[in-house]
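Student: Let me begin by handing over the structure; questions about it come next.
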Amino acid sequence: MHTPIKVGLVGYGISAKVFHAPFITSNSNYQLVAVVERHKEESKEKFPYVQVLRSFEELLQNDAIDLVVITTPNETHFPYAKAALEAGKHVVLEKPVTNTSAEARQLLEISQRTGKVLSVYQNRRYVSDFLTIQDVLDKKLLGEVHTFEGHYDRYRAEARPQAWREHVLPGSGILFDLGPHLLDQVLYLFGLPNTISADIRLQRPHARVDDYFDLRLDYGFLKVILQAGMLVREPGPRYLIHGTKGSFVKSGEDPQEALLRAGAPPVGDDWGQEKAAIYGILHTEIDGKLLREVYPSHKGDYAQYYRNLYETIVNNKPVRERIEHGYNTIRLIELAFESHQQQRTINCTGLLPVAYR
């Protein structure tokens, strides 16, 4: 009989309910023992056995807790992660890690000093489209890639006054919210860019923080275009990738988030499997012959994140989603704002030359 990793969950909003609790509680290597909810006890409706705590400090005082999962607003990420590491806890920190690269660097140093695992939650590494893109690129089916275009578009024209991300606060706005997903994927696939050029806007009349961005990353031969907006009623392909031999075009959305929001448990052989209607199109040349076909998607699997983390904490395997990765993402966001403010292309300075896979 093994002893499961005992988990304390900080916050019980959408992030905790949808992206963390289902995978912690469905994995026998973990045991959810406490949830920090300052005013409610929503977690007990689904997990009646958990202890509801009213403060983060109470959680840190619980010596039984091995792992602290932080899902609270961005401005709490740095102080909460710092305190948890110094209290001898392993930490999972929601994207975008911290609000500044300086804070991320401090957390890296604290993690190294304390010997505790600090991991960034990047579930978009485990979605069907990204896993399929990795497969296409690893097999060199497109030749040498010269253009990579990624989109994270939505249509949400109305204001959401209760949403902290739409208020003028540190770490708010769409670049801090959705940018880390796209940037982490590009860093994972291609490494560190040479330069960045950014156009960051407030498009909706009520917007108080950015709700649109267009980032251009230069890798020499490769150009990367990343866009996200809140006024796209009819989205085009999520990814367009062009190489010297062919193209891969992918539309649609990995089904996991929608299923989880609807309350479906992450179980079953078909979990994370896209419908064939949104498989990507591969148009390329193989052995001198042109090929254009539907390319079946890999199954998405958010649960892989917590399986990897268990191997790190218990079996000392390298951290897959490292704090250095989070640092690089935040550094690129800082550079993007600098580029936008100066209305020019700037060099990507201050990035950490760390392996992604």
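By convention here, the chains of the structure tokens are called A, B, ... in the order presented, each chain's residues are numbered starting at 1, and ligands are numbered starting at 1 in the order presented.
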Write down as a ChimeraX atom specification the residues belonging to segment 49-140 of chain A that are assigned helix (DSSP H, G or I) by DSSP computed on the backbone.
Tutor: /A:56-60,74-86,101-114,123-126,128-138
Student: Report as a VMD selection string all protein, DNA and RNA residues lying within 6 Å of segment 192-203 of chain A, evaluated on only C-alpha atoms, omitting residues in the same chain fewer than 4 positions from it.
Tutor: chain A and resid 187 207 210 to 219 336 339 to 340 345 to 348
Student: Out of segment 25-80 of chain A, which residues get strand (DSSP E) from DSSP, as a list in words?
Tutor: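 Filtering segment 25-80 of chain A down to strand (DSSP E) leaves Tyr30, Gln31, Leu32, Val33, Ala34, Val35, Val36, Gln51, Val52, Leu53, Leu67, Val68, Val69 and Ile70 of chain A.
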Student: Within 12 Å of Val10 of chain A, counting only C-alpha atoms, which residues show up once you throw out same-chain ones fewer than 2 positions away? Write them as a PyMOL selection string, please.
Tutor: chain A and resi 7-8+12-13+15-17+20-21+32-38+43+51-60+67-73+76-77+80-81+84+91-94
Student: Output N, CA and C atoms for every residue in that selection, as a compact mmCIF listing (two decimals), in the first residue's frame.
Tutor:
# COMPACT_ATOMS: atom_id res chain seq x y z
N VAL A 7 -3.11 16.69 -0.58
CA VAL A 7 -3.20 17.94 -1.33
C VAL A 7 -4.08 18.95 -0.62
N GLY A 8 -3.61 20.18 -0.59
CA GLY A 8 -4.42 21.31 -0.16
C GLY A 8 -4.67 22.21 -1.34
N TYR A 12 -11.53 27.92 -4.75
CA TYR A 12 -12.45 26.94 -5.33
C TYR A 12 -13.31 27.62 -6.40
N GLY A 13 -12.63 28.30 -7.32
CA GLY A 13 -13.31 28.87 -8.47
C GLY A 13 -13.25 27.91 -9.65
N SER A 15 -11.05 27.43 -12.00
CA SER A 15 -9.78 26.73 -12.16
C SER A 15 -9.71 25.50 -11.28
N ALA A 16 -10.06 25.65 -10.01
CA ALA A 16 -10.01 24.52 -9.08
C ALA A 16 -11.05 23.46 -9.43
N LYS A 17 -12.28 23.91 -9.71
CA LYS A 17 -13.38 22.98 -9.97
C LYS A 17 -13.19 22.18 -11.25
N HIS A 20 -8.38 21.16 -11.79
CA HIS A 20 -7.53 20.53 -10.77
C HIS A 20 -8.25 19.45 -9.98
N ALA A 21 -9.31 19.79 -9.28
CA ALA A 21 -9.98 18.82 -8.40
C ALA A 21 -10.36 17.52 -9.12
N LEU A 32 -7.15 14.57 -1.80
CA LEU A 32 -7.55 15.95 -1.51
C LEU A 32 -8.04 16.01 -0.07
N VAL A 33 -7.33 16.75 0.77
CA VAL A 33 -7.67 16.76 2.19
C VAL A 33 -8.21 18.10 2.67
N ALA A 34 -7.88 19.19 1.98
CA ALA A 34 -8.32 20.51 2.45
C ALA A 34 -8.48 21.46 1.28
N VAL A 35 -9.45 22.37 1.43
CA VAL A 35 -9.70 23.41 0.43
C VAL A 35 -9.86 24.73 1.16
N VAL A 36 -9.17 25.76 0.68
CA VAL A 36 -9.32 27.09 1.25
C VAL A 36 -10.46 27.81 0.55
N GLU A 37 -11.54 28.05 1.28
CA GLU A 37 -12.67 28.85 0.80
C GLU A 37 -12.97 29.87 1.89
N ARG A 38 -12.82 31.11 1.60
CA ARG A 38 -12.92 32.13 2.65
C ARG A 38 -14.34 32.31 3.18
N SER A 43 -16.95 23.23 -1.94
CA SER A 43 -16.20 22.01 -2.19
C SER A 43 -16.80 20.80 -1.49
N GLN A 51 -11.64 19.05 4.40
CA GLN A 51 -11.69 20.09 5.43
C GLN A 51 -11.68 21.44 4.74
N VAL A 52 -12.67 22.27 5.05
CA VAL A 52 -12.72 23.62 4.49
C VAL A 52 -12.02 24.57 5.46
N LEU A 53 -11.04 25.28 4.94
CA LEU A 53 -10.28 26.23 5.75
C LEU A 53 -10.59 27.65 5.31
N ARG A 54 -10.51 28.59 6.24
CA ARG A 54 -10.88 29.97 5.95
C ARG A 54 -9.69 30.85 5.59
N SER A 55 -8.49 30.34 5.73
CA SER A 55 -7.33 31.16 5.40
C SER A 55 -6.21 30.29 4.86
N PHE A 56 -5.37 30.91 4.05
CA PHE A 56 -4.20 30.25 3.50
C PHE A 56 -3.23 29.86 4.61
N GLU A 57 -3.17 30.70 5.63
CA GLU A 57 -2.27 30.43 6.76
C GLU A 57 -2.63 29.12 7.47
N GLU A 58 -3.93 28.84 7.60
CA GLU A 58 -4.36 27.57 8.21
C GLU A 58 -3.85 26.39 7.40
N LEU A 59 -3.87 26.52 6.10
CA LEU A 59 -3.41 25.43 5.24
C LEU A 59 -1.93 25.15 5.46
N LEU A 60 -1.14 26.20 5.57
CA LEU A 60 0.30 26.02 5.75
C LEU A 60 0.62 25.38 7.09
N LEU A 67 1.35 18.83 -0.73
CA LEU A 67 1.30 19.59 -1.98
C LEU A 67 0.24 20.67 -1.89
N VAL A 68 0.61 21.90 -2.21
CA VAL A 68 -0.32 23.03 -2.22
C VAL A 68 -0.57 23.42 -3.67
N VAL A 69 -1.84 23.45 -4.08
CA VAL A 69 -2.22 23.81 -5.44
C VAL A 69 -2.88 25.18 -5.40
N ILE A 70 -2.26 26.18 -6.02
CA ILE A 70 -2.69 27.57 -5.92
C ILE A 70 -3.46 27.97 -7.17
N THR A 71 -4.76 28.28 -6.99
CA THR A 71 -5.62 28.63 -8.12
C THR A 71 -6.28 30.00 -7.93
N THR A 72 -5.78 30.78 -7.01
CA THR A 72 -6.35 32.08 -6.67
C THR A 72 -5.89 33.15 -7.68
N PRO A 73 -6.43 34.39 -7.62
CA PRO A 73 -6.06 35.43 -8.58
C PRO A 73 -4.55 35.68 -8.64
N THR A 76 -1.97 36.99 -6.01
CA THR A 76 -1.64 36.17 -4.84
C THR A 76 -0.58 35.12 -5.14
N HIS A 77 -0.29 34.89 -6.40
CA HIS A 77 0.56 33.75 -6.77
C HIS A 77 1.94 33.81 -6.12
N TYR A 80 1.81 33.58 -2.07
CA TYR A 80 1.34 32.26 -1.64
C TYR A 80 2.36 31.17 -1.96
N ALA A 81 2.92 31.19 -3.17
CA ALA A 81 3.91 30.17 -3.53
C ALA A 81 5.16 30.29 -2.67
N ALA A 84 4.38 28.91 0.81
CA ALA A 84 4.19 27.46 0.80
C ALA A 84 5.52 26.74 0.66
N VAL A 91 4.60 22.73 -4.55
CA VAL A 91 3.64 23.71 -5.04
C VAL A 91 3.33 23.51 -6.51
N VAL A 92 2.03 23.55 -6.82
CA VAL A 92 1.54 23.71 -8.19
C VAL A 92 0.98 25.11 -8.29
N LEU A 93 1.46 25.85 -9.27
CA LEU A 93 1.07 27.25 -9.43
C LEU A 93 0.39 27.44 -10.78
N GLU A 94 -0.84 27.93 -10.76
CA GLU A 94 -1.57 28.16 -12.00
C GLU A 94 -0.82 29.16 -12.87
Student: Using only C-alpha atoms, which protein or nucleic acid residues come within 12 Å of Val314 of chain A? Drop anything in the same chain fewer than 5 positions from it, and give the result as a PyMOL selection string.
Tutor: chain A and resi 2-5+29-30+66-67+90+116-117+306-309+319
Student: Print the selection's residues with C-alpha atoms to a file, as a PDB file, in the first residue's frame.
Tutor:
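The resulting file, result-v9.pdb, is shown below:
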ATOM      1  CA  HIS A   2       1.456   3.353  -1.029  1.00  0.00           C
ATOM      2  CA  THR A   3       0.798   6.606   0.768  1.00  0.00           C
ATOM      3  CA  PRO A   4      -0.942   9.135  -1.486  1.00  0.00           C
ATOM      4  CA  ILE A   5       0.271  12.716  -1.781  1.00  0.00           C
ATOM      5  CA  ASN A  29      -1.814   8.659  -5.950  1.00  0.00           C
ATOM      6  CA  TYR A  30      -3.356  11.852  -4.534  1.00  0.00           C
ATOM      7  CA  ASP A  66       2.413  17.630   1.079  1.00  0.00           C
ATOM      8  CA  LEU A  67       1.304  19.593  -1.975  1.00  0.00           C
ATOM      9  CA  HIS A  90       5.535  21.226  -2.862  1.00  0.00           C
ATOM     10  CA  LYS A 116      10.681  21.455  -2.906  1.00  0.00           C
ATOM     11  CA  VAL A 117       9.017  20.864  -6.250  1.00  0.00           C
ATOM     12  CA  TYR A 306      -0.692  15.097 -12.401  1.00  0.00           C
ATOM     13  CA  ARG A 307       0.739  11.729 -13.443  1.00  0.00           C
ATOM     14  CA  ASN A 308       3.978  13.487 -14.367  1.00  0.00           C
ATOM     15  CA  LEU A 309       3.968  15.449 -11.112  1.00  0.00           C
ATOM     16  CA  VAL A 319       9.824  18.410 -13.425  1.00  0.00           C
TER      17      VAL A 319
END
Student: Work out how far atom CA of Arg105 of chain A is from atom CA of Ile174 of chain A, in Å to one decimal.
Tutor: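 Those two atoms sit 22.9 Å apart.
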Student: Give me, as a list in words, all polymer residues having an atom no more than 12 Å from Leu137 of chain A, counting only C-alpha atoms and skipping those fewer than 2 positions away in the same chain.
Tutor: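 Counting only the stated atoms, we get Phe130, Leu131, Thr132, Ile133, Gln134, Asp135, Lys139, Lys140, Leu141, Leu142, Gly143, Glu144, Val145, His146, Phe148, Tyr188, Leu189, Phe190, Ile241, His242, Gly243, Lys245, Gly246, Ser247, Phe248 and Leu282 of chain A.
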Student: I need the residues from that last selection saved to file as a compact mmCIF listing (two decimals), in the first residue's frame (with N, CA and C atoms), if you can.
Tutor:
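Listing of part.txt after writing:
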# COMPACT_ATOMS: atom_id res chain seq x y z
N PHE A 130 -2.63 20.26 -29.79
CA PHE A 130 -1.20 20.45 -29.57
C PHE A 130 -0.45 19.12 -29.64
N LEU A 131 -1.01 18.06 -29.08
CA LEU A 131 -0.37 16.75 -29.16
C LEU A 131 -0.26 16.27 -30.61
N THR A 132 -1.28 16.60 -31.41
CA THR A 132 -1.26 16.22 -32.82
C THR A 132 -0.22 17.03 -33.59
N ILE A 133 -0.13 18.33 -33.28
CA ILE A 133 0.87 19.19 -33.92
C ILE A 133 2.28 18.68 -33.61
N GLN A 134 2.52 18.31 -32.36
CA GLN A 134 3.83 17.74 -32.01
C GLN A 134 4.16 16.54 -32.88
N ASP A 135 3.17 15.68 -33.08
CA ASP A 135 3.36 14.48 -33.88
C ASP A 135 3.72 14.85 -35.32
N LYS A 139 7.56 14.24 -36.91
CA LYS A 139 7.73 13.36 -38.07
C LYS A 139 8.23 14.10 -39.30
N LYS A 140 8.44 15.41 -39.17
CA LYS A 140 8.94 16.25 -40.28
C LYS A 140 8.03 16.18 -41.50
N LEU A 141 6.73 16.06 -41.29
CA LEU A 141 5.80 15.91 -42.40
C LEU A 141 5.63 17.19 -43.22
N LEU A 142 6.03 18.32 -42.66
CA LEU A 142 5.89 19.59 -43.38
C LEU A 142 7.22 20.10 -43.92
N GLY A 143 8.29 19.36 -43.73
CA GLY A 143 9.60 19.87 -44.06
C GLY A 143 10.05 20.84 -42.98
N GLU A 144 10.75 21.90 -43.38
CA GLU A 144 11.19 22.90 -42.42
C GLU A 144 10.09 23.96 -42.27
N VAL A 145 9.62 24.14 -41.05
CA VAL A 145 8.50 25.06 -40.82
C VAL A 145 8.98 26.50 -40.96
N HIS A 146 8.23 27.29 -41.74
CA HIS A 146 8.57 28.70 -41.90
C HIS A 146 7.51 29.63 -41.31
N PHE A 148 4.22 29.62 -38.36
CA PHE A 148 3.36 28.98 -37.37
C PHE A 148 2.40 30.04 -36.86
N TYR A 188 7.77 25.49 -26.24
CA TYR A 188 7.93 24.04 -26.18
C TYR A 188 8.34 23.48 -27.54
N LEU A 189 7.72 23.98 -28.60
CA LEU A 189 7.98 23.46 -29.94
C LEU A 189 9.28 23.97 -30.55
N PHE A 190 9.57 25.27 -30.34
CA PHE A 190 10.63 25.91 -31.11
C PHE A 190 11.75 26.53 -30.28
N ILE A 241 -0.02 25.93 -39.97
CA ILE A 241 1.42 25.68 -39.94
C ILE A 241 1.87 25.36 -41.35
N HIS A 242 2.86 26.11 -41.84
CA HIS A 242 3.33 25.94 -43.21
C HIS A 242 4.83 25.66 -43.21
N GLY A 243 5.22 24.68 -44.01
CA GLY A 243 6.63 24.33 -44.13
C GLY A 243 7.06 24.24 -45.57
N LYS A 245 7.60 21.71 -47.33
CA LYS A 245 6.97 20.61 -48.06
C LYS A 245 5.45 20.59 -47.98
N GLY A 246 4.88 21.24 -46.95
CA GLY A 246 3.44 21.15 -46.83
C GLY A 246 2.87 22.00 -45.72
N SER A 247 1.56 21.82 -45.48
CA SER A 247 0.83 22.60 -44.50
C SER A 247 -0.03 21.70 -43.63
N PHE A 248 -0.27 22.18 -42.41
CA PHE A 248 -1.22 21.51 -41.51
C PHE A 248 -2.15 22.58 -40.96
N LEU A 282 -3.89 17.69 -43.42
CA LEU A 282 -2.48 17.62 -43.77
C LEU A 282 -2.36 17.62 -45.29
Student: Determine the nearest neighbour of Leu183 of chain A from the options A:Ala102, A:Ile278, A:Leu226, A:Ala159, counting only C-alpha atoms.
Tutor: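 Of the candidates, the smallest distance to Leu183 of chain A is held by A:Leu226.
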Student: Find the spatial neighbours of Lys95 of chain A, counting only C-alpha atoms, within a cut-off of 7 Å - ignore same-chain residues fewer than 4 positions away - and output them as a ChimeraX atom specification.
Tutor: /A:120-122,180
Student: Pick the closest to Thr147 of chain A from A:Ile14, A:Ile330, A:Leu240, A:Val354: which is it, counting only C-alpha atoms?
Tutor: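 Residue with the minimum atom-to-atom distance to Thr147 of chain A: A:Leu240.
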Student: Could you name the residues that touch Gln304 of chain A at 10 Å or less, counting only C-alpha atoms, but leaving out those on the same chain fewer than 4 positions away, as a PDB file with C-alpha atoms, in the first residue's frame?
Tutor:
ATOM      1  CA  PHE A  23      -7.760  15.047 -11.715  1.00  0.00           C
ATOM      2  CA  ASN A 123      -2.723  21.938 -19.217  1.00  0.00           C
ATOM      3  CA  ARG A 125       0.339  20.886 -23.389  1.00  0.00           C
ATOM      4  CA  TYR A 126      -2.130  18.011 -23.056  1.00  0.00           C
ATOM      5  CA  GLY A 300      -6.228  15.018 -25.171  1.00  0.00           C
ATOM      6  CA  ASN A 308       3.978  13.487 -14.367  1.00  0.00           C
ATOM      7  CA  LEU A 309       3.968  15.449 -11.112  1.00  0.00           C
ATOM      8  CA  TYR A 310       3.633  12.269  -9.042  1.00  0.00           C
TER       9      TYR A 310
END
Student: Restricting the calculation to only C-alpha atoms, which member of A:Gly272, A:Gly326, A:Pro96, A:Gly173 is positioned closest to Leu108 of chain A?
Tutor: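 Once distances to Leu108 of chain A are computed over only C-alpha atoms, the minimum belongs to A:Gly326.
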Student: Report the distance between atom CA of Lys299 of chain A and atom CA of Leu259 of chain A in Å, rounded to one decimal place.
Tutor: 13.9 Å
Student: Here is a test: counting only C-alpha atoms, which residue of A:Trp271, A:Phe78, A:Tyr295, A:Trp164 is nearest to Ile323 of chain A?
Tutor: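 Going through A:Trp271, A:Phe78, A:Tyr295, A:Trp164 one by one, the smallest distance to Ile323 of chain A is for A:Phe78.
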Student: If I take atom CA of Tyr279 of chain A and atom CA of Glu253 of chain A, how far is one from the other in Å, to one decimal?
Tutor: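 Calculated distance between atom CA of Tyr279 of chain A and atom CA of Glu253 of chain A is 10.0 Å.
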